[in-house]
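S.K.: Below you'll find target-v3.txt; it's compact mmCIF, C-alpha atoms and all ligand atoms.
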# COMPACT_ATOMS: atom_id res chain seq x y z
CA MET D 1 -84.17 -101.79 -83.80
CA VAL D 2 -84.57 -105.14 -85.52
CA LYS D 3 -87.94 -106.86 -85.34
CA THR D 4 -87.04 -109.37 -82.60
CA GLU D 5 -85.83 -106.54 -80.35
CA ILE D 6 -89.03 -104.56 -80.95
CA LYS D 7 -91.04 -107.68 -80.12
CA GLU D 8 -89.13 -108.27 -76.88
CA THR D 9 -89.54 -104.62 -75.85
CA LEU D 10 -93.28 -104.81 -76.51
CA ILE D 11 -93.68 -108.08 -74.61
CA ASP D 12 -91.86 -106.53 -71.69
CA LEU D 13 -93.99 -103.36 -71.73
CA ASP D 14 -97.11 -105.48 -72.14
CA LYS D 15 -96.31 -107.55 -69.03
CA LYS D 16 -95.57 -104.46 -66.96
CA HIS D 17 -98.38 -102.16 -68.03
CA PHE D 18 -101.26 -103.77 -69.94
CA ILE D 19 -103.96 -105.59 -67.97
CA HIS D 20 -105.60 -107.68 -70.70
CA PRO D 21 -109.40 -108.09 -70.68
CA THR D 22 -110.84 -111.58 -70.08
CA SER D 23 -107.36 -113.13 -69.99
CA SER D 24 -105.21 -115.24 -67.72
CA LEU D 25 -103.03 -112.55 -66.15
CA LYS D 26 -100.69 -115.22 -64.76
CA GLN D 27 -100.17 -116.76 -68.17
CA GLN D 28 -99.50 -113.32 -69.66
CA GLN D 29 -96.65 -112.91 -67.16
CA GLU D 30 -95.28 -116.40 -67.80
CA THR D 31 -95.45 -116.68 -71.59
CA GLY D 32 -96.11 -113.15 -72.85
CA ALA D 33 -98.88 -112.25 -75.29
CA PRO D 34 -99.08 -115.07 -77.89
CA PHE D 35 -99.61 -112.60 -80.72
CA ILE D 36 -98.99 -108.88 -81.08
CA PHE D 37 -100.69 -107.99 -84.32
CA THR D 38 -99.56 -105.20 -86.60
CA GLU D 39 -101.64 -105.56 -89.78
CA GLY D 40 -104.82 -107.08 -91.18
CA LYS D 41 -106.17 -107.73 -94.67
CA GLY D 42 -109.40 -109.59 -95.48
CA VAL D 43 -109.51 -112.65 -93.21
CA TYR D 44 -105.80 -112.55 -92.32
CA LEU D 45 -103.79 -110.89 -89.56
CA THR D 46 -100.01 -110.49 -89.45
CA ASP D 47 -98.12 -110.36 -86.19
CA ILE D 48 -94.96 -108.53 -85.28
CA SER D 49 -92.76 -111.49 -86.26
CA GLY D 50 -94.33 -111.50 -89.72
CA LYS D 51 -96.46 -114.60 -89.03
CA LYS D 52 -99.73 -114.58 -90.96
CA VAL D 53 -102.83 -116.16 -89.41
CA LEU D 54 -106.37 -116.81 -90.64
CA GLU D 55 -108.81 -115.19 -88.22
CA GLY D 56 -111.41 -117.89 -87.70
CA MET D 57 -113.20 -115.73 -85.12
CA ALA D 58 -113.35 -112.32 -86.87
CA SER D 59 -111.60 -111.21 -83.68
CA LEU D 60 -114.51 -111.29 -81.17
CA TRP D 61 -117.26 -112.33 -83.64
CA ASN D 62 -117.28 -108.78 -84.96
CA VAL D 63 -114.98 -107.93 -87.89
CA ASN D 64 -117.72 -108.84 -90.36
CA VAL D 65 -116.39 -106.96 -93.42
CA GLY D 66 -112.83 -108.17 -92.82
CA TYR D 67 -109.64 -106.26 -92.06
CA GLY D 68 -107.98 -103.38 -93.88
CA ARG D 69 -111.06 -101.72 -95.41
CA LYS D 70 -109.90 -98.36 -96.69
CA GLU D 71 -113.50 -97.19 -97.21
CA LEU D 72 -114.09 -97.30 -93.45
CA ALA D 73 -110.88 -95.40 -92.71
CA GLU D 74 -111.95 -92.84 -95.31
CA ALA D 75 -115.46 -92.49 -93.80
CA ALA D 76 -113.91 -91.89 -90.37
CA ARG D 77 -111.38 -89.40 -91.72
CA GLU D 78 -114.00 -87.43 -93.65
CA GLN D 79 -116.32 -87.22 -90.65
CA MET D 80 -113.51 -86.36 -88.23
CA GLU D 81 -112.39 -83.51 -90.44
CA LYS D 82 -115.94 -82.16 -90.68
CA LEU D 83 -117.22 -82.82 -87.16
CA ALA D 84 -115.60 -85.62 -85.15
CA PHE D 85 -117.98 -85.44 -82.22
CA THR D 86 -120.69 -83.43 -80.59
CA ASN D 87 -122.90 -84.68 -77.78
CA SER D 88 -126.54 -85.64 -78.26
CA PHE D 89 -127.85 -84.59 -74.83
CA SER D 90 -130.75 -82.12 -74.63
CA SER D 91 -131.94 -83.29 -78.07
CA MET D 92 -128.92 -81.85 -79.91
CA GLY D 93 -127.71 -84.02 -82.76
CA ASN D 94 -125.55 -84.71 -85.76
CA GLU D 95 -126.28 -85.97 -89.26
CA PRO D 96 -124.60 -89.43 -89.19
CA ALA D 97 -126.39 -90.41 -85.93
CA ILE D 98 -129.80 -89.39 -87.31
CA ARG D 99 -129.16 -91.14 -90.65
CA LEU D 100 -127.91 -94.28 -88.91
CA ALA D 101 -130.97 -94.38 -86.62
CA ALA D 102 -133.18 -94.17 -89.71
CA LYS D 103 -131.14 -96.88 -91.48
CA LEU D 104 -131.42 -99.23 -88.50
CA ALA D 105 -135.17 -98.60 -88.39
CA GLU D 106 -135.33 -99.62 -92.06
CA LEU D 107 -133.22 -102.78 -91.56
CA THR D 108 -134.62 -104.17 -88.31
CA PRO D 109 -137.81 -106.24 -88.52
CA GLY D 110 -141.36 -105.10 -87.76
CA ASP D 111 -141.88 -101.82 -85.98
CA LEU D 112 -138.45 -101.62 -84.34
CA ASN D 113 -138.03 -98.01 -85.34
CA ALA D 114 -136.40 -95.92 -82.62
CA VAL D 115 -132.75 -96.09 -81.60
CA PHE D 116 -130.73 -95.25 -78.48
CA PHE D 117 -126.97 -95.31 -79.17
CA THR D 118 -124.27 -96.76 -76.90
CA SER D 119 -120.61 -97.62 -77.41
CA SER D 120 -120.67 -101.38 -76.72
CA GLY D 121 -122.74 -104.51 -76.29
CA SER D 122 -122.48 -104.27 -72.52
CA GLU D 123 -123.79 -100.71 -72.58
CA SER D 124 -126.61 -101.78 -74.89
CA ASN D 125 -127.59 -104.43 -72.34
CA ASP D 126 -127.54 -102.16 -69.31
CA THR D 127 -129.44 -99.52 -71.29
CA ALA D 128 -132.14 -102.04 -72.26
CA TYR D 129 -132.69 -103.19 -68.65
CA LYS D 130 -132.99 -99.62 -67.44
CA LEU D 131 -135.31 -98.66 -70.31
CA ALA D 132 -137.49 -101.74 -69.72
CA ARG D 133 -137.84 -100.93 -66.02
CA TYR D 134 -138.45 -97.25 -66.77
CA TYR D 135 -141.06 -98.22 -69.36
CA TRP D 136 -143.08 -100.19 -66.81
CA LYS D 137 -142.66 -97.49 -64.19
CA ILE D 138 -144.14 -94.78 -66.39
CA GLN D 139 -146.93 -97.21 -67.34
CA GLY D 140 -147.87 -97.31 -63.64
CA SER D 141 -146.23 -100.70 -62.85
CA PRO D 142 -143.06 -99.75 -60.93
CA GLU D 143 -142.92 -103.17 -59.30
CA LYS D 144 -142.15 -104.81 -62.70
CA THR D 145 -138.37 -104.77 -62.21
CA LYS D 146 -136.97 -108.29 -62.63
CA ILE D 147 -134.99 -109.39 -65.67
CA ILE D 148 -135.02 -113.06 -66.71
CA SER D 149 -132.16 -114.41 -68.81
CA ARG D 150 -130.84 -117.86 -69.67
CA LYS D 151 -128.13 -120.18 -68.43
CA LYS D 152 -125.09 -120.12 -70.75
CA GLY D 153 -126.20 -116.70 -72.06
CA TYR D 154 -123.51 -113.99 -72.35
CA HIS D 155 -124.51 -110.35 -72.26
CA GLY D 156 -121.33 -108.46 -71.35
CA VAL D 157 -119.51 -107.12 -68.35
CA ASN D 158 -121.24 -104.01 -67.04
CA ILE D 159 -123.05 -104.67 -63.77
CA GLY D 160 -126.44 -105.36 -65.36
CA ALA D 161 -124.94 -107.29 -68.29
CA THR D 162 -122.78 -109.42 -65.99
CA SER D 163 -125.81 -110.16 -63.82
CA ALA D 164 -127.86 -111.28 -66.81
CA THR D 165 -125.01 -113.46 -68.06
CA GLY D 166 -125.76 -117.09 -67.29
CA ILE D 167 -122.17 -118.29 -67.13
CA THR D 168 -121.51 -118.79 -63.41
CA PRO D 169 -117.89 -117.59 -63.07
CA PHE D 170 -118.81 -114.24 -64.70
CA GLN D 171 -122.07 -113.88 -62.81
CA GLU D 172 -120.46 -114.37 -59.43
CA MET D 173 -118.69 -111.02 -59.73
CA THR D 174 -122.00 -109.15 -59.36
CA SER D 175 -124.55 -111.57 -57.93
CA SER D 176 -124.82 -109.82 -54.55
CA LEU D 177 -125.49 -106.53 -56.36
CA ALA D 178 -128.22 -107.90 -58.54
CA PRO D 179 -131.06 -109.72 -56.79
CA ASP D 180 -133.48 -108.76 -59.59
CA PHE D 181 -131.76 -111.01 -62.16
CA LEU D 182 -133.09 -114.56 -62.66
CA HIS D 183 -131.84 -117.37 -64.89
CA VAL D 184 -133.80 -120.13 -66.62
CA ASP D 185 -132.72 -123.22 -68.59
CA THR D 186 -131.36 -122.45 -72.03
CA PHE D 187 -133.94 -124.03 -74.33
CA SER D 188 -136.73 -124.92 -71.90
CA THR D 189 -139.86 -122.83 -72.38
CA GLU D 190 -141.26 -124.76 -69.40
CA SER D 191 -138.45 -123.39 -67.21
CA LEU D 192 -139.43 -119.84 -68.25
CA ARG D 193 -143.12 -120.48 -67.60
CA LYS D 194 -142.32 -121.85 -64.14
CA CYS D 195 -140.08 -118.91 -63.28
CA ILE D 196 -142.83 -116.45 -64.30
CA GLU D 197 -145.36 -118.37 -62.24
CA ILE D 198 -143.14 -118.39 -59.13
CA GLU D 199 -142.08 -114.73 -59.34
CA GLY D 200 -145.39 -113.42 -60.70
CA PRO D 201 -145.66 -111.65 -64.08
CA ASP D 202 -146.40 -108.37 -62.28
CA LYS D 203 -142.81 -108.41 -60.94
CA ILE D 204 -141.04 -109.09 -64.24
CA ALA D 205 -139.91 -106.38 -66.65
CA ALA D 206 -138.25 -108.38 -69.41
CA PHE D 207 -136.87 -111.63 -70.72
CA ILE D 208 -133.58 -111.45 -72.63
CA ALA D 209 -131.99 -114.00 -74.95
CA GLU D 210 -129.39 -114.19 -77.70
CA PRO D 211 -131.05 -115.65 -80.82
CA VAL D 212 -127.95 -117.86 -81.07
CA GLN D 213 -125.87 -118.10 -77.89
CA GLY D 214 -122.31 -117.17 -78.83
CA ALA D 215 -119.87 -117.20 -75.92
CA GLY D 216 -121.94 -119.98 -74.31
CA GLY D 217 -120.86 -122.36 -77.09
CA VAL D 218 -122.83 -121.41 -80.25
CA ASN D 219 -126.10 -122.93 -79.12
CA ILE D 220 -128.79 -122.82 -81.81
CA ALA D 221 -132.44 -122.91 -80.71
CA PRO D 222 -134.65 -125.89 -81.62
CA ASP D 223 -137.54 -125.27 -84.04
CA GLY D 224 -140.44 -123.38 -82.51
CA TYR D 225 -138.56 -122.28 -79.37
CA PHE D 226 -138.43 -118.54 -80.06
CA GLN D 227 -141.99 -118.42 -81.39
CA GLU D 228 -143.10 -119.96 -78.07
CA ILE D 229 -140.94 -117.48 -76.13
CA ARG D 230 -142.60 -114.58 -77.98
CA LYS D 231 -146.01 -116.01 -77.05
CA ILE D 232 -145.12 -116.47 -73.36
CA CYS D 233 -143.82 -112.89 -73.13
CA ASP D 234 -146.98 -111.51 -74.77
CA GLU D 235 -149.30 -113.57 -72.55
CA ASN D 236 -147.54 -112.29 -69.42
CA ASN D 237 -146.95 -108.69 -70.41
CA ILE D 238 -143.19 -109.11 -70.33
CA LEU D 239 -140.90 -107.33 -72.80
CA PHE D 240 -138.79 -109.60 -75.00
CA ILE D 241 -135.24 -108.33 -75.55
CA ALA D 242 -133.17 -109.97 -78.32
CA ASP D 243 -129.45 -109.58 -77.79
CA GLU D 244 -128.20 -109.52 -81.41
CA VAL D 245 -124.79 -108.15 -80.45
CA ILE D 246 -123.06 -111.12 -82.15
CA THR D 247 -125.82 -112.32 -84.47
CA GLY D 248 -126.65 -108.96 -86.07
CA PHE D 249 -125.38 -107.69 -89.41
CA GLY D 250 -125.30 -110.93 -91.38
CA ARG D 251 -123.45 -113.27 -89.01
CA THR D 252 -126.13 -116.01 -89.20
CA GLY D 253 -127.02 -115.64 -92.89
CA LYS D 254 -129.79 -113.07 -92.31
CA MET D 255 -129.36 -109.41 -91.44
CA PHE D 256 -130.67 -110.25 -87.94
CA ALA D 257 -131.06 -113.74 -86.48
CA CYS D 258 -134.62 -113.03 -85.27
CA GLU D 259 -135.60 -113.20 -88.95
CA HIS D 260 -134.90 -116.97 -88.93
CA TYR D 261 -137.74 -117.35 -86.43
CA GLY D 262 -140.13 -114.77 -87.86
CA ILE D 263 -140.33 -112.92 -84.54
CA VAL D 264 -140.06 -109.24 -83.65
CA PRO D 265 -138.62 -108.49 -80.21
CA ASP D 266 -139.74 -105.44 -78.23
CA ILE D 267 -136.12 -104.35 -77.90
CA MET D 268 -133.16 -105.40 -80.06
CA LEU D 269 -129.57 -104.95 -78.91
CA LEU D 270 -126.76 -104.29 -81.37
CA ALA D 271 -123.00 -103.63 -81.29
CA LYS D 272 -119.95 -105.47 -82.72
CA GLY D 273 -120.83 -106.00 -86.43
CA ILE D 274 -122.52 -102.59 -86.59
CA THR D 275 -119.07 -101.11 -87.36
CA SER D 276 -117.23 -104.42 -87.91
CA GLY D 277 -115.10 -103.38 -84.94
CA TYR D 278 -113.48 -100.44 -86.72
CA ILE D 279 -114.73 -98.10 -83.99
CA PRO D 280 -116.79 -98.77 -80.84
CA LEU D 281 -120.55 -98.43 -81.25
CA GLY D 282 -123.71 -100.09 -79.97
CA ALA D 283 -127.45 -99.52 -80.33
CA VAL D 284 -130.73 -100.32 -78.59
CA VAL D 285 -133.65 -100.43 -81.00
CA VAL D 286 -137.19 -100.24 -79.58
CA THR D 287 -140.62 -100.66 -81.14
CA ASP D 288 -142.92 -97.78 -82.06
CA ARG D 289 -145.18 -98.81 -79.18
CA ILE D 290 -142.40 -98.44 -76.59
CA HIS D 291 -141.12 -95.24 -78.19
CA LYS D 292 -144.60 -93.67 -78.29
CA ASP D 293 -145.32 -94.62 -74.68
CA LEU D 294 -141.94 -93.28 -73.55
CA ILE D 295 -142.84 -89.97 -75.17
CA LYS D 296 -146.46 -89.99 -73.98
CA TYR D 297 -146.08 -90.88 -70.33
CA SER D 298 -142.59 -89.71 -69.52
CA GLU D 299 -142.22 -86.53 -67.55
CA GLY D 300 -139.00 -84.55 -67.17
CA VAL D 301 -135.77 -85.88 -68.60
CA LEU D 302 -134.81 -89.44 -69.60
CA LEU D 303 -131.95 -89.74 -67.13
CA HIS D 304 -129.84 -92.14 -69.13
CA GLY D 305 -127.21 -91.14 -71.69
CA TYR D 306 -123.56 -91.67 -72.47
CA THR D 307 -121.21 -88.89 -73.52
CA TYR D 308 -120.67 -90.91 -76.69
CA SER D 309 -124.33 -91.82 -77.44
CA GLY D 310 -124.65 -91.04 -81.15
CA HIS D 311 -120.93 -90.38 -81.73
CA ALA D 312 -120.75 -88.75 -85.17
CA THR D 313 -117.59 -90.55 -86.37
CA ALA D 314 -118.70 -93.96 -85.08
CA CYS D 315 -122.10 -93.52 -86.78
CA ALA D 316 -120.48 -92.45 -90.08
CA VAL D 317 -118.33 -95.60 -90.00
CA ALA D 318 -121.41 -97.75 -89.23
CA LEU D 319 -123.28 -96.30 -92.22
CA LYS D 320 -120.35 -97.13 -94.53
CA ASN D 321 -119.98 -100.59 -92.95
CA ILE D 322 -123.67 -101.38 -93.58
CA GLU D 323 -123.31 -100.08 -97.15
CA ILE D 324 -120.43 -102.57 -97.69
CA ILE D 325 -122.46 -105.47 -96.21
CA GLU D 326 -125.31 -104.66 -98.60
CA LYS D 327 -123.25 -103.87 -101.73
CA GLU D 328 -121.02 -106.92 -101.45
CA SER D 329 -123.93 -109.29 -100.62
CA LEU D 330 -122.14 -110.44 -97.48
CA ILE D 331 -125.31 -111.88 -95.98
CA GLU D 332 -125.65 -114.24 -98.94
CA ASN D 333 -121.95 -115.08 -98.64
CA SER D 334 -122.48 -115.83 -94.95
CA ARG D 335 -125.20 -118.33 -95.93
CA LEU D 336 -123.18 -119.94 -98.73
CA MET D 337 -119.85 -120.13 -96.91
CA GLY D 338 -121.63 -121.24 -93.73
CA LYS D 339 -122.92 -124.24 -95.69
CA GLU D 340 -119.38 -125.00 -96.93
CA LEU D 341 -118.11 -124.76 -93.36
CA LEU D 342 -120.77 -127.18 -92.12
CA ASP D 343 -120.09 -129.68 -94.94
CA GLY D 344 -116.40 -129.53 -94.01
CA PHE D 345 -117.20 -130.08 -90.32
CA TYR D 346 -119.25 -133.18 -91.25
CA LYS D 347 -116.32 -134.62 -93.26
CA ILE D 348 -113.97 -134.06 -90.31
CA GLN D 349 -116.52 -135.59 -87.95
CA LYS D 350 -116.62 -138.77 -90.08
CA GLU D 351 -112.84 -139.06 -90.07
CA ILE D 352 -111.86 -138.03 -86.54
CA ASP D 353 -113.63 -139.79 -83.73
CA ILE D 354 -113.11 -137.18 -80.97
CA VAL D 355 -115.36 -134.85 -82.96
CA GLY D 356 -118.87 -134.90 -81.54
CA GLU D 357 -121.76 -132.68 -82.58
CA VAL D 358 -121.03 -129.98 -85.17
CA ARG D 359 -123.36 -127.08 -86.03
CA THR D 360 -123.52 -123.78 -87.90
CA LEU D 361 -126.02 -121.05 -88.71
CA GLY D 362 -124.53 -118.87 -91.43
CA LEU D 363 -120.95 -118.14 -90.42
CA ILE D 364 -121.19 -118.94 -86.74
CA GLY D 365 -120.41 -122.50 -85.76
CA ALA D 366 -119.18 -125.02 -83.21
CA VAL D 367 -117.38 -128.34 -83.04
CA GLU D 368 -117.78 -130.37 -79.85
CA ILE D 369 -115.03 -132.62 -78.57
CA ILE D 370 -116.10 -135.94 -77.02
CA ASN D 371 -114.56 -139.14 -75.79
CA PRO D 372 -115.65 -141.62 -78.53
CA VAL D 373 -115.52 -144.57 -76.14
CA THR D 374 -117.88 -143.20 -73.52
CA ASN D 375 -119.62 -140.61 -75.72
CA THR D 376 -119.14 -138.10 -72.90
CA ARG D 377 -116.75 -135.21 -72.49
CA PHE D 378 -113.11 -135.87 -71.55
CA PRO D 379 -112.41 -134.94 -67.90
CA ALA D 380 -109.50 -132.71 -69.04
CA HIS D 381 -110.35 -130.20 -71.75
CA ILE D 382 -109.09 -131.03 -75.24
CA ALA D 383 -110.43 -127.98 -77.12
CA PRO D 384 -107.72 -125.58 -75.83
CA LYS D 385 -105.04 -128.00 -77.06
CA VAL D 386 -106.68 -128.09 -80.50
CA SER D 387 -106.85 -124.30 -80.52
CA ALA D 388 -103.13 -124.06 -79.61
CA GLU D 389 -102.22 -126.51 -82.39
CA ALA D 390 -104.36 -124.51 -84.82
CA ALA D 391 -102.65 -121.26 -83.80
CA LYS D 392 -99.21 -122.83 -84.44
CA ARG D 393 -100.41 -123.71 -87.94
CA GLY D 394 -101.86 -120.25 -88.62
CA LEU D 395 -105.54 -120.39 -87.59
CA ILE D 396 -107.20 -118.53 -84.73
CA ILE D 397 -110.22 -120.21 -83.13
CA ARG D 398 -111.73 -119.90 -79.65
CA THR D 399 -112.80 -122.47 -77.13
CA VAL D 400 -115.67 -122.72 -74.65
CA VAL D 401 -114.69 -124.82 -71.65
CA PHE D 402 -116.82 -123.64 -68.72
CA GLU D 403 -119.24 -125.93 -66.90
CA GLY D 404 -117.94 -129.11 -68.50
CA MET D 405 -118.09 -127.90 -72.09
CA ASP D 406 -115.25 -128.73 -74.47
CA THR D 407 -116.15 -126.84 -77.62
CA LEU D 408 -114.36 -125.09 -80.49
CA VAL D 409 -116.20 -122.05 -81.83
CA PHE D 410 -115.92 -120.33 -85.20
CA SER D 411 -117.02 -116.99 -86.57
CA PRO D 412 -114.84 -115.93 -89.51
CA PRO D 413 -115.24 -112.58 -91.30
CA LEU D 414 -118.23 -112.63 -93.67
CA VAL D 415 -115.91 -111.89 -96.62
CA ILE D 416 -114.32 -115.35 -96.35
CA ASN D 417 -114.17 -117.24 -99.68
CA GLN D 418 -114.20 -120.92 -100.64
CA LYS D 419 -110.39 -121.24 -100.71
CA GLU D 420 -110.07 -119.65 -97.28
CA ILE D 421 -112.79 -121.94 -95.86
CA GLU D 422 -110.80 -124.90 -97.21
CA GLU D 423 -107.66 -123.56 -95.54
CA LEU D 424 -109.54 -123.14 -92.24
CA LEU D 425 -110.88 -126.71 -92.44
CA SER D 426 -107.53 -128.17 -93.41
CA ILE D 427 -105.75 -126.55 -90.44
CA LEU D 428 -108.58 -127.58 -88.11
CA ARG D 429 -108.24 -131.19 -89.29
CA GLU D 430 -104.48 -131.17 -88.75
CA ALA D 431 -104.87 -129.63 -85.29
CA LEU D 432 -107.43 -132.26 -84.28
CA LEU D 433 -105.22 -135.07 -85.58
CA ALA D 434 -102.29 -133.63 -83.62
CA VAL D 435 -104.09 -133.96 -80.28
CA GLN D 436 -106.04 -137.15 -80.95
N1 LIG W 1 -123.97 -109.47 -75.82
C1 LIG W 1 -123.45 -110.52 -76.46
C2 LIG W 1 -124.37 -111.55 -77.04
C3 LIG W 1 -122.06 -110.65 -76.60
O1 LIG W 1 -121.54 -111.72 -77.21
C4 LIG W 1 -121.23 -109.65 -76.07
C5 LIG W 1 -119.77 -109.74 -76.21
O2 LIG W 1 -119.21 -110.73 -76.63
C6 LIG W 1 -121.82 -108.58 -75.38
C7 LIG W 1 -123.19 -108.51 -75.29
C8 LIG W 1 -120.98 -107.52 -74.77
O3 LIG W 1 -120.46 -106.71 -75.76
P1 LIG W 1 -119.18 -105.77 -75.46
O4 LIG W 1 -118.02 -106.67 -75.24
O5 LIG W 1 -119.09 -104.92 -76.71
O6 LIG W 1 -119.50 -104.95 -74.27
Can the structure from this file be put into structure tokens for me?
Ligand code: PLP
M.R.:
Amino acid sequence: MVKTEIKETLIDLDKKHFIHPTSSLKQQQETGAPFIFTEGKGVYLTDISGKKVLEGMASLWNVNVGYGRKELAEAAREQMEKLAFTNSFSSMGNEPAIRLAAKLAELTPGDLNAVFFTSSGSESNDTAYKLARYYWKIQGSPEKTKIISRKKGYHGVNIGATSATGITPFQEMTSSLAPDFLHVDTFSTESLRKCIEIEGPDKIAAFIAEPVQGAGGVNIAPDGYFQEIRKICDENNILFIADEVITGFGRTGKMFACEHYGIVPDIMLLAKGITSGYIPLGAVVVTDRIHKDLIKYSEGVLLHGYTYSGHATACAVALKNIEIIEKESLIENSRLMGKELLDGFYKIQKEIDIVGEVRTLGLIGAVEIINPVTNTRFPAHIAPKVSAEAAKRGLIIRTVVFEGMDTLVFSPPLVINQKEIEELLSILREALLAVQ
């Protein structure tokens, strides 16, 4: 079959059989999948028609070491040939999972030293809520059950994770199932204090936040915010959970974004960049204090575990992925290229008047679209049009358009170089000019 026939067959099969996640199912039926990718190298993907695109999002904020890394394929192959998988229930184990737990203990700040493995960010979230509630129960405070999160926060799609998510259309799918989830204003410590006062600290298990909100529009905390959050949690005996599913593993120019604020959460959630997306894996890292208390007070069995908790092949890939991040100084590159990206955003902002606020932290960033006459958002969203124009020209970026936002978001692979940043900026500029 020639390529166009293969493409048509795939589009047809796709429409009939593949329910795409977080997608417009109607649009899929009408226009077919916009891209069916077949190959990736560095920051580029190639689709079935041979079109090459620059991945300005590292897929879903996660392909940190870039596409086509043979070392990761080799690590998976080697481990699969030796021992692809064995479960970790009843304290059984495997070498890559134990070594990865020790490596994460070394990398994460403070006394975050004990690791529970999952297979995704959503599973890491649900695990953390259950562990937090279990922790208080065995401490003799079973009524500490509520979880506070923030508006515009995104924590995934399992029932707990959806409930903690502060983006209304997502949240509505589980709200009746989850009366113990509360939401406060994104950057208002006063809103958190008030919520604790109303509910009572003796009813609250944990507060969860992303150090930089990703899916909510790349919202970067003002100075002092997270230090104050840490203080409020300590004063009220509430566990602080940092959801570093996007921000971990160099995305913001530090290994973990909490390091920007000099704070140590009680529980840190990881996924995505832990394997750069080469294989599913997530992790929940807890402090020595929590780990010791779980051991000390817990009776019987910890009744929480996934078949794939501590998957040997996934953990072997994660170890190799972290080795690449360290060896190739990708965290430093994230800082340097993030600065280039921001400088480029500022230049575009000066030239094109529908560009409002721009911001980055390392290689995560956002460009807001505004009506320059009124200085408010356009009633109809412009960002999706910019993204479509960018895709035509060979650049993938995402948009955030819920609750009145009109924002372009960026998160390229951490291996991106100066020339590729220039290409990204040049296509972005053209796409903005095309819709202006
Ligand atoms: N937490 C954050 C901050 C995320 O951005 C995401 C996904 O985008 C998740 C959790 C959920 O991760 P997953 O899609 O791997 O379940």
S.K.: Counting only C-alpha atoms, which of D:His17, D:Lys272, D:Lys385, D:Lys82 gets nearest to Leu433 (chain D)?
M.R.: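 Using only C-alpha atoms, the shortest distance to Leu433 (chain D) belongs to D:Lys385.
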S.K.: Which residues sit within 7 Å of ligand LIG 1 (chain W), counting all atoms listed in the file, listed as a ChimeraX atom specification?
M.R.: /D:60,120-123,125,154-157,210,213-215,243-246,271-272
S.K.: Check the smallest atom-to-atom distance from each of D:Gly310, D:Gly305, D:Gly93, D:Gly404 to Pro280 (chain D) using only C-alpha atoms, then report the winner.
M.R.: D:Gly310
S.K.: Out of D:Ala380, D:Ile267, D:Ala164, D:Ala221, which residue has the shortest atom-to-atom distance to Phe116 (chain D) when counting only C-alpha atoms?
M.R.: D:Ile267
S.K.: Name the closest residue to Thr399 (chain D) among the candidates D:Pro413, D:Glu420, D:Ala283, D:Ile369; distances are taken between atoms, counting only C-alpha atoms.
M.R.: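 Closest to Thr399 (chain D), using only C-alpha atoms: D:Ile369.
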S.K.: Neighbouring residues of Leu192 (chain D) were defined as those with any atom within 12 Å, considering all atoms listed in the file; residues of the same chain fewer than 3 positions away were excluded. Please report them as a count of residues only.
M.R.: 35
S.K.: Please measure the separation of CA of Thr9 (chain D) and CA of Glu39 (chain D), giving the value in Å to one decimal.
M.R.: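 So the two atoms, CA of Thr9 (chain D) and CA of Glu39 (chain D), lie 18.5 Å apart.
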S.K.: Find the residue from D:Ile396, D:Ala314, D:Ala391, D:Ala431 that sits nearest to Ser276 (chain D); use all atoms listed in the file when measuring.
M.R.: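 That would be D:Ala314, the residue with the smallest distance to Ser276 (chain D).
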S.K.: Here is a test: counting only C-alpha atoms, which residue of D:Ala205, D:Val264, D:Ile98, D:Val401 is nearest to Asp288 (chain D)?
M.R.: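 Among the listed residues, D:Val264 lies closest to Asp288 (chain D).
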S.K.: Between CA of Pro412 (chain D) and CA of Gly110 (chain D), what is the distance in Å, rounded to a tenth?
M.R.: 28.7 Å
S.K.: Which distance in Å separates CA of His20 (chain D) and CA of Phe35 (chain D), to one decimal?
M.R.: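 One can read the CA of His20 (chain D) to CA of Phe35 (chain D) distance as 12.7 Å.
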S.K.: Residues within 8 Å of Met337 (chain D), please, as a list in words. Count all atoms listed in the file; anything in the same chain fewer than 6 positions from it doesn't count.
M.R.: Gly362, Leu363, Ile416, Asn417, Gln418 and Ile421 of chain D
S.K.: Counting only C-alpha atoms, which residues of region 181-254 of chain D fall within 12 Å of region 357-360 of chain D, and what is the closest atom pair for each with its distance in Å at one decimal, ordered by chain and rising number, as JSON lines?
M.R.:
{"residue": "D:Val212", "atom": "CA", "partner": "D:Thr360", "partner_atom": "CA", "distance": 10.1}
{"residue": "D:Gln213", "atom": "CA", "partner": "D:Thr360", "partner_atom": "CA", "distance": 11.7}
{"residue": "D:Gly214", "atom": "CA", "partner": "D:Thr360", "partner_atom": "CA", "distance": 11.3}
{"residue": "D:Gly217", "atom": "CA", "partner": "D:Arg359", "partner_atom": "CA", "distance": 10.4}
{"residue": "D:Val218", "atom": "CA", "partner": "D:Thr360", "partner_atom": "CA", "distance": 8.0}
{"residue": "D:Asn219", "atom": "CA", "partner": "D:Arg359", "partner_atom": "CA", "distance": 8.5}
{"residue": "D:Ile220", "atom": "CA", "partner": "D:Arg359", "partner_atom": "CA", "distance": 8.1}
{"residue": "D:Ala221", "atom": "CA", "partner": "D:Arg359", "partner_atom": "CA", "distance": 11.3}
{"residue": "D:Arg251", "atom": "CA", "partner": "D:Thr360", "partner_atom": "CA", "distance": 10.6}
{"residue": "D:Thr252", "atom": "CA", "partner": "D:Thr360", "partner_atom": "CA", "distance": 8.3}
{"residue": "D:Gly253", "atom": "CA", "partner": "D:Thr360", "partner_atom": "CA", "distance": 10.2}
S.K.: Can you list, as a list in words, every protein, DNA or RNA residue that comes within 7 Å of Val284 (chain D) when you count all atoms listed in the file, leaving out same-chain residues fewer than 2 positions away?
M.R.: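 The residues satisfying every condition are Val115, Phe116, Phe117, Ser124, Ala128, Ile267, Met268, Leu269, Leu270 and Val286 of chain D.
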